[in-house]
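Asker: Here you go, this is entry-v4.txt (compact mmCIF, C-alpha atoms).
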# COMPACT_ATOMS: atom_id res chain seq x y z
CA MET A 1014 136.57 -50.31 70.15
CA GLU A 1015 139.67 -52.37 70.90
CA ASN A 1016 143.08 -52.47 69.27
CA LEU A 1017 143.33 -55.85 67.58
CA ALA A 1018 146.05 -57.88 65.91
CA PHE A 1019 145.01 -60.34 63.21
CA LEU A 1020 147.51 -62.94 61.95
CA GLY A 1021 146.96 -65.25 58.99
CA LEU A 1022 145.28 -63.74 55.96
CA GLY A 1023 144.06 -66.66 53.92
CA ARG A 1024 140.56 -66.64 52.44
CA MET A 1025 138.94 -66.76 55.86
CA GLY A 1026 141.39 -64.52 57.67
CA ARG A 1027 141.20 -61.68 55.16
CA ALA A 1028 137.42 -61.66 55.35
CA MET A 1029 137.35 -61.70 59.13
CA ALA A 1030 139.97 -58.95 59.45
CA ALA A 1031 138.01 -56.80 56.99
CA ASN A 1032 134.85 -57.20 59.07
CA LEU A 1033 136.68 -56.18 62.24
CA LEU A 1034 137.93 -53.04 60.47
CA ALA A 1035 134.43 -52.27 59.20
CA ALA A 1036 133.13 -52.58 62.77
CA GLY A 1037 135.46 -49.79 63.85
CA HIS A 1038 138.27 -51.72 65.48
CA SER A 1039 141.87 -50.65 65.00
CA VAL A 1040 143.54 -53.67 63.38
CA THR A 1041 147.21 -54.53 62.86
CA VAL A 1042 147.69 -57.39 60.40
CA TRP A 1043 150.48 -59.81 59.61
CA ASN A 1044 150.85 -62.55 57.05
CA ARG A 1045 153.81 -64.57 55.88
CA THR A 1046 153.11 -63.41 52.32
CA ARG A 1047 153.16 -59.63 52.82
CA GLN A 1048 151.13 -58.81 49.69
CA ARG A 1049 148.01 -60.25 51.33
CA CYS A 1050 148.12 -57.36 53.79
CA ASP A 1051 147.85 -54.71 51.08
CA GLU A 1052 144.06 -54.78 50.59
CA LEU A 1053 143.48 -54.47 54.33
CA VAL A 1054 146.03 -51.68 54.64
CA GLY A 1055 144.01 -49.87 51.99
CA LYS A 1056 140.99 -50.22 54.30
CA GLY A 1057 142.81 -48.74 57.27
CA ALA A 1058 144.80 -51.60 58.80
CA ARG A 1059 148.43 -51.35 59.77
CA ALA A 1060 150.84 -54.04 58.55
CA ALA A 1061 153.49 -55.46 60.91
CA GLU A 1062 156.80 -57.05 59.99
CA SER A 1063 156.45 -59.98 62.40
CA PRO A 1064 153.88 -61.61 64.69
CA ALA A 1065 155.71 -60.22 67.72
CA GLU A 1066 155.48 -56.68 66.36
CA ALA A 1067 151.83 -57.12 65.40
CA VAL A 1068 150.71 -58.03 68.91
CA GLN A 1069 152.68 -55.53 70.99
CA SER A 1070 150.04 -52.81 71.18
CA ALA A 1071 146.96 -55.03 70.81
CA ASP A 1072 144.30 -55.57 73.42
CA ALA A 1073 143.32 -58.81 71.72
CA ILE A 1074 145.16 -61.09 69.29
CA LEU A 1075 143.33 -63.23 66.73
CA TYR A 1076 144.79 -65.72 64.29
CA SER A 1077 143.43 -68.05 61.65
CA LEU A 1078 146.15 -70.52 60.64
CA PRO A 1079 146.04 -73.69 58.55
CA ASP A 1080 147.45 -76.28 60.97
CA GLU A 1081 149.45 -77.15 64.05
CA ARG A 1082 152.77 -76.55 62.31
CA ALA A 1083 151.79 -72.99 61.39
CA ILE A 1084 150.75 -72.33 64.99
CA GLY A 1085 154.12 -73.63 66.14
CA GLU A 1086 155.89 -71.15 63.87
CA VAL A 1087 153.65 -68.12 64.35
CA VAL A 1088 152.93 -68.44 68.06
CA PHE A 1089 155.98 -70.24 69.46
CA GLY A 1090 158.63 -69.48 66.83
CA TRP A 1091 161.26 -66.78 66.39
CA ALA A 1092 159.68 -63.29 66.51
CA GLY A 1093 156.43 -65.13 67.22
CA VAL A 1094 153.40 -64.02 69.17
CA LEU A 1095 154.77 -65.12 72.53
CA GLU A 1096 157.80 -62.86 72.09
CA GLY A 1097 155.56 -59.79 71.80
CA VAL A 1098 152.73 -60.36 74.29
CA ARG A 1099 152.19 -58.61 77.61
CA ALA A 1100 150.04 -59.33 80.61
CA GLY A 1101 146.36 -58.47 80.29
CA GLN A 1102 145.96 -59.31 76.61
CA LEU A 1103 143.53 -61.83 75.14
CA ALA A 1104 144.62 -64.37 72.49
CA ILE A 1105 141.99 -66.07 70.30
CA ASP A 1106 142.88 -69.03 68.07
CA LEU A 1107 140.28 -69.31 65.30
CA SER A 1108 142.01 -72.31 63.70
CA THR A 1109 140.69 -75.88 63.59
CA VAL A 1110 143.24 -77.92 65.52
CA HIS A 1111 143.51 -80.76 68.03
CA PRO A 1112 142.55 -79.86 71.63
CA ASP A 1113 146.10 -80.68 72.76
CA VAL A 1114 147.35 -77.79 70.63
CA SER A 1115 144.90 -75.49 72.40
CA ARG A 1116 145.96 -76.69 75.82
CA ARG A 1117 149.62 -76.16 74.95
CA GLN A 1118 148.86 -72.60 73.91
CA LYS A 1119 146.82 -71.98 77.06
CA GLU A 1120 149.75 -73.02 79.24
CA ALA A 1121 152.20 -70.77 77.38
CA TYR A 1122 149.89 -67.74 77.42
CA THR A 1123 149.02 -68.18 81.09
CA ALA A 1124 152.72 -68.00 81.93
CA GLU A 1125 152.73 -64.54 80.29
CA GLY A 1126 149.55 -63.33 82.02
CA VAL A 1127 147.53 -63.56 78.78
CA ASP A 1128 144.01 -65.05 78.53
CA PHE A 1129 143.40 -67.60 75.78
CA LEU A 1130 140.39 -68.92 73.87
CA ASP A 1131 140.24 -71.75 71.35
CA ALA A 1132 137.52 -70.62 68.96
CA PRO A 1133 137.29 -72.56 65.69
CA VAL A 1134 134.72 -71.32 63.20
CA PHE A 1135 132.10 -73.10 61.14
CA GLY A 1136 131.41 -71.73 57.68
CA SER A 1137 133.51 -71.02 54.62
CA GLN A 1138 134.66 -67.92 52.75
CA PRO A 1139 131.19 -66.58 51.80
CA GLU A 1140 130.03 -66.78 55.44
CA ALA A 1141 133.28 -65.18 56.61
CA ALA A 1142 132.83 -62.30 54.16
CA ALA A 1143 129.23 -61.76 55.29
CA GLY A 1144 130.05 -61.90 59.01
CA GLY A 1145 127.95 -65.04 59.15
CA LEU A 1146 130.23 -67.58 60.81
CA TRP A 1147 129.35 -69.79 63.79
CA ILE A 1148 132.03 -69.87 66.48
CA VAL A 1149 132.51 -72.57 69.12
CA VAL A 1150 134.67 -71.50 72.05
CA GLY A 1151 136.68 -73.08 74.82
CA GLY A 1152 138.42 -71.28 77.69
CA ASP A 1153 137.61 -69.27 80.79
CA ARG A 1154 134.07 -67.92 80.82
CA ALA A 1155 135.27 -64.42 81.72
CA ALA A 1156 137.54 -64.39 78.67
CA TYR A 1157 134.63 -65.57 76.50
CA ASP A 1158 132.46 -62.72 77.78
CA ARG A 1159 135.28 -60.26 77.12
CA ALA A 1160 135.55 -61.51 73.53
CA ALA A 1161 131.84 -60.99 72.74
CA PRO A 1162 132.27 -57.56 71.05
CA ILE A 1163 135.09 -59.00 68.92
CA PHE A 1164 133.08 -62.03 67.83
CA ARG A 1165 130.00 -59.94 66.97
CA PRO A 1166 131.20 -58.62 63.55
CA LEU A 1167 132.38 -62.10 62.59
CA SER A 1168 129.46 -64.34 63.43
CA VAL A 1169 125.74 -64.94 63.63
CA SER A 1170 126.20 -66.99 66.80
CA THR A 1171 128.83 -68.05 69.31
CA HIS A 1172 128.67 -71.10 71.55
CA TYR A 1173 130.56 -71.47 74.81
CA MET A 1174 131.59 -75.13 75.04
CA GLY A 1175 133.53 -75.14 78.32
CA CYS A 1176 137.17 -75.23 79.37
CA THR A 1177 140.22 -74.92 77.13
CA GLY A 1178 140.19 -77.51 74.34
CA GLN A 1179 136.42 -77.93 74.30
CA GLY A 1180 135.99 -75.45 71.46
CA ALA A 1181 138.67 -77.27 69.49
CA ALA A 1182 136.98 -80.61 70.16
CA MET A 1183 133.65 -79.26 68.93
CA GLY A 1184 135.39 -77.92 65.83
CA LEU A 1185 136.64 -81.42 64.99
CA ILE A 1186 133.24 -82.99 65.68
CA GLY A 1187 131.76 -80.51 63.22
CA SER A 1188 134.43 -81.43 60.67
CA LEU A 1189 133.57 -85.11 61.09
CA ILE A 1190 129.90 -84.46 60.38
CA VAL A 1191 130.66 -82.19 57.42
CA ALA A 1192 132.94 -84.82 55.86
CA LEU A 1193 130.27 -87.51 56.22
CA GLN A 1194 127.69 -85.26 54.58
CA ILE A 1195 129.96 -84.46 51.62
CA GLN A 1196 130.57 -88.18 51.11
CA ALA A 1197 126.85 -88.93 51.37
CA LEU A 1198 125.99 -86.21 48.87
CA GLY A 1199 128.59 -87.46 46.42
CA GLU A 1200 127.46 -91.07 46.71
CA GLY A 1201 123.84 -90.08 46.26
CA LEU A 1202 124.49 -87.96 43.16
CA VAL A 1203 126.70 -90.59 41.53
CA LEU A 1204 124.11 -93.30 42.14
CA ALA A 1205 121.36 -91.00 40.88
CA ARG A 1206 123.26 -90.31 37.65
CA LYS A 1207 123.85 -94.04 37.07
CA ALA A 1208 120.13 -94.62 37.68
CA GLY A 1209 119.23 -92.06 35.00
CA LEU A 1210 117.81 -89.38 37.30
CA ASN A 1211 117.93 -85.66 36.58
CA LEU A 1212 120.37 -84.25 39.13
CA ASP A 1213 118.61 -80.89 39.41
CA GLU A 1214 115.45 -82.74 40.36
CA VAL A 1215 117.40 -84.90 42.80
CA LEU A 1216 118.63 -81.73 44.52
CA GLU A 1217 115.05 -80.45 44.74
CA VAL A 1218 114.13 -83.61 46.64
CA LEU A 1219 117.17 -83.29 48.90
CA ALA A 1220 115.91 -79.83 49.88
CA LEU A 1221 112.82 -81.43 51.49
CA PRO A 1222 112.70 -81.51 55.31
CA ASP A 1223 113.68 -85.19 55.56
CA PHE A 1224 117.06 -84.51 53.89
CA ARG A 1225 117.65 -80.76 54.22
CA SER A 1226 121.24 -79.72 54.92
CA PRO A 1227 123.21 -76.54 54.19
CA ILE A 1228 125.99 -78.84 52.93
CA PHE A 1229 123.66 -80.35 50.34
CA SER A 1230 122.15 -77.03 49.25
CA GLY A 1231 125.51 -75.26 49.29
CA MET A 1232 127.62 -77.85 47.47
CA GLY A 1233 125.06 -79.74 45.38
CA PRO A 1234 124.47 -77.15 42.62
CA GLY A 1235 128.21 -76.55 42.26
CA ILE A 1236 128.85 -80.27 41.85
CA VAL A 1237 126.17 -80.53 39.18
CA ARG A 1238 127.72 -77.51 37.35
CA ARG A 1239 131.20 -79.00 37.94
CA ASP A 1240 132.26 -75.83 39.74
CA PHE A 1241 134.97 -76.85 42.18
CA GLN A 1242 136.44 -73.43 42.89
CA ALA A 1243 137.66 -73.60 46.46
CA VAL A 1244 135.81 -71.86 49.27
CA PHE A 1245 136.87 -74.65 51.67
CA SER A 1246 139.52 -76.80 50.08
CA LEU A 1247 139.77 -80.56 49.99
CA GLU A 1248 143.27 -80.38 51.48
CA HIS A 1249 141.86 -78.48 54.47
CA LEU A 1250 139.21 -81.17 54.89
CA HIS A 1251 142.02 -83.75 54.75
CA LYS A 1252 143.82 -81.98 57.58
CA ASP A 1253 140.64 -81.84 59.65
CA VAL A 1254 139.70 -85.52 59.26
CA ASP A 1255 143.25 -86.50 60.20
CA GLN A 1256 142.81 -84.54 63.44
CA VAL A 1257 139.42 -86.22 64.00
CA ALA A 1258 141.13 -89.61 63.70
CA ARG A 1259 143.83 -88.54 66.16
CA LEU A 1260 141.26 -87.37 68.72
CA ALA A 1261 139.14 -90.51 68.33
CA GLU A 1262 142.20 -92.74 68.78
CA GLN A 1263 143.27 -90.77 71.84
CA LEU A 1264 139.81 -91.17 73.42
CA LEU A 1265 139.31 -94.78 72.24
CA VAL A 1266 136.15 -93.86 70.35
CA PRO A 1267 135.28 -95.92 67.26
CA VAL A 1268 134.47 -93.75 64.23
CA PRO A 1269 134.13 -96.32 61.42
CA ALA A 1270 132.23 -94.17 58.93
CA SER A 1271 134.62 -91.27 59.48
CA ALA A 1272 137.59 -93.61 59.00
CA ALA A 1273 136.23 -94.72 55.63
CA VAL A 1274 135.63 -91.15 54.49
CA ARG A 1275 139.13 -90.19 55.64
CA GLU A 1276 140.55 -92.76 53.21
CA GLN A 1277 138.40 -91.35 50.42
CA VAL A 1278 139.56 -87.80 51.17
CA LYS A 1279 143.18 -88.93 51.26
CA ALA A 1280 142.83 -90.69 47.91
CA ALA A 1281 141.15 -87.64 46.35
CA VAL A 1282 144.00 -85.39 47.51
CA ALA A 1283 146.52 -87.93 46.17
CA ASN A 1284 144.79 -87.66 42.78
CA GLY A 1285 145.65 -83.95 42.68
CA TRP A 1286 142.36 -82.35 43.70
CA GLY A 1287 143.50 -81.00 47.07
CA ALA A 1288 143.45 -77.33 46.05
CA GLU A 1289 139.87 -77.63 44.76
CA ASN A 1290 136.73 -77.29 46.86
CA ALA A 1291 135.98 -80.08 49.33
CA SER A 1292 133.10 -81.06 47.03
CA ALA A 1293 135.75 -82.33 44.59
CA LEU A 1294 135.64 -85.50 46.68
CA VAL A 1295 132.90 -86.50 44.25
CA LYS A 1296 135.52 -86.84 41.49
CA LEU A 1297 136.92 -89.91 43.21
CA LEU A 1298 133.45 -91.41 43.46
CA GLU A 1299 132.89 -90.67 39.77
CA ARG A 1300 136.11 -92.48 38.89
CA GLN A 1301 135.19 -95.45 41.05
CA ALA A 1302 131.76 -95.68 39.42
CA ASN A 1303 132.98 -94.87 35.89
CA VAL A 1304 130.59 -91.97 35.48
CA VAL A 1305 130.85 -88.20 35.10
CA LEU A 1306 128.05 -86.17 36.65
CA GLY A 1307 128.18 -83.54 33.90
CA GLU A 1308 127.23 -86.10 31.29
CA GLU A 1309 123.57 -86.73 30.61
CA ARG A 1310 122.23 -90.24 31.02
CA ARG A 1311 118.65 -91.27 30.42
CA GLY A 1312 116.95 -94.33 31.79
CA PRO A 1313 118.03 -96.68 34.56
CA VAL A 1314 121.26 -98.66 34.57
CA GLY A 1315 121.07 -101.44 31.99
CA ASP A 1316 118.81 -99.61 29.50
Transcribe the structure of this file into structure tokens.

Answerer:
Amino acid sequence: MENLAFLGLGRMGRAMAANLLAAGHSVTVWNRTRQRCDELVGKGARAAESPAEAVQSADAILYSLPDERAIGEVVFGWAGVLEGVRAGQLAIDLSTVHPDVSRRQKEAYTAEGVDFLDAPVFGSQPEAAAGGLWIVVGGDRAAYDRAAPIFRPLSVSTHYMGCTGQGAAMGLIGSLIVALQIQALGEGLVLARKAGLNLDEVLEVLALPDFRSPIFSGMGPGIVRRDFQAVFSLEHLHKDVDQVARLAEQLLVPVPASAAVREQVKAAVANGWGAENASALVKLLERQANVVLGEERRGPVGD
């Protein structure tokens, strides 16, 4: 088992680091808020005072960070990862970021003799805790093969997408499709409520093969119960759809439906729901339609 460093202990990072410990790896952890390290230290991890210290003795370095700015601070900043690396290590960025950010990291790591993979994950906190994520990876194939034993405790599948930046691009394409599905689910449930349908029965129909989606089955019951506790927050979805828009503009690809959903997500965050689950996007649709899904309505509109 390898010596690993894991940086960034949010909901996803804590779960992934715990699974690496449970798999027998030696793990050194770091987080800006030191208290988040305590639970993992209790499970056998070692806490470092800085990213540079965390990575010094590691064979592989993993990090799960919220955005490009955090990567700039943790990887490139003072006492950052690049100040502590040595030739022969492997760095794995599990964050969802623009491919340009991945390529910038690749260049910096290569100068230090360190291999690099961009490896964003699909799934939210429950999948992370269960070791049930799906990981899409860009970088050198040899580095991907080397990372296989590290990915195994984290995921049910990994997918090699090609050269550096291709994993990041696939991560954003996944975010685009997730955002569209959340919007579609919200629109459907709001329209169903206005039409007088029972929302539990609507969800039963949406579980049929013609409509089946893990997004619908995972978020639908929570929306109906008005449970918006965050497992993947609306503000994180906002960050992702902004990156989708940046990539599409860069490549001159029209994404009209995604652009419309991006405006909806932005408005929902502006209304103060950013810290709630991404399914809280439905609250904006409720407001626009003057309906609340938790309220019973019988009969079609106009009765």

Asker: Counting all atoms listed in the file, which residues of segment 1103-1192 of chain A sit at most 12 Å from some atom of segment 1037-1057 of chain A, and what is each one's closest atom pair with its distance in Å to one decimal, listed by chain and rising residue number, as a tab-separated table?

Answerer:
residue	atom	partner	partner_atom	distance
A:Pro1162	CA	A:His1038	CA	10.1
A:Ile1163	CA	A:His1038	CA	8.7
A:Phe1164	CA	A:His1038	CA	11.8
A:Arg1165	CA	A:His1038	CA	11.8
A:Pro1166	CA	A:Gly1037	CA	9.8

Asker: Might you pull out every residue within 12 Å of segment 1089-1103 of chain A, with only C-alpha atoms counted and same-chain residues fewer than 5 positions away left off, and present them as a ChimeraX atom specification?

Answerer: /A:1015-1020,1043-1045,1061-1076,1081-1084,1114,1117-1131,1152-1153,1155-1161,1163

Asker: What's the separation between atom CA of Ala1291 of chain A and atom CA of Ala1104 of chain A, in Å to one decimal place?

Answerer: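 Computing the Euclidean distance for atom CA of Ala1291 of chain A and atom CA of Ala1104 of chain A yields 29.3 Å.
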
Asker: Atom CA of Val1215 of chain A and atom CA of Ser1230 of chain A are how many Å apart?

Answerer: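 Spanning atom CA of Val1215 of chain A to atom CA of Ser1230 of chain A is a straight-line distance of 11.2 Å.
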
Asker: Determine, counting all atoms listed in the file, which protein, DNA and RNA residues have an atom within 7 Å of an atom of segment 1179-1191 of chain A; residues of the same chain fewer than 6 positions away are not included. Present the result as JSON, numbers by chain.

Answerer: {"A": [1109, 1110, 1111, 1112, 1131, 1132, 1133, 1149, 1150, 1151, 1253, 1254, 1257, 1271]}

Asker: From the set A:Val1305, A:Leu1210, A:Leu1219, A:Ala1272, which residue has the shortest atom-to-atom contact distance to Arg1239 of chain A, counting all atoms listed in the file?

Answerer: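 Residue with the minimum atom-to-atom distance to Arg1239 of chain A: A:Val1305.
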
Asker: Could you pull the residues within 6 Å of Gly1144 of chain A, counting only C-alpha atoms, minus those fewer than 3 positions along the same chain, as a PDB file with C-alpha atoms, keeping the file's coordinate frame?

Answerer:
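Wrote it out as result_3.pdb, contents follow:
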ATOM      1  CA  ALA A1141     133.280 -65.180  56.610  1.00  0.00           C
ATOM      2  CA  PRO A1166     131.200 -58.620  63.550  1.00  0.00           C
ATOM      3  CA  LEU A1167     132.380 -62.100  62.590  1.00  0.00           C
ATOM      4  CA  SER A1168     129.460 -64.340  63.430  1.00  0.00           C
TER       5      SER A1168
END
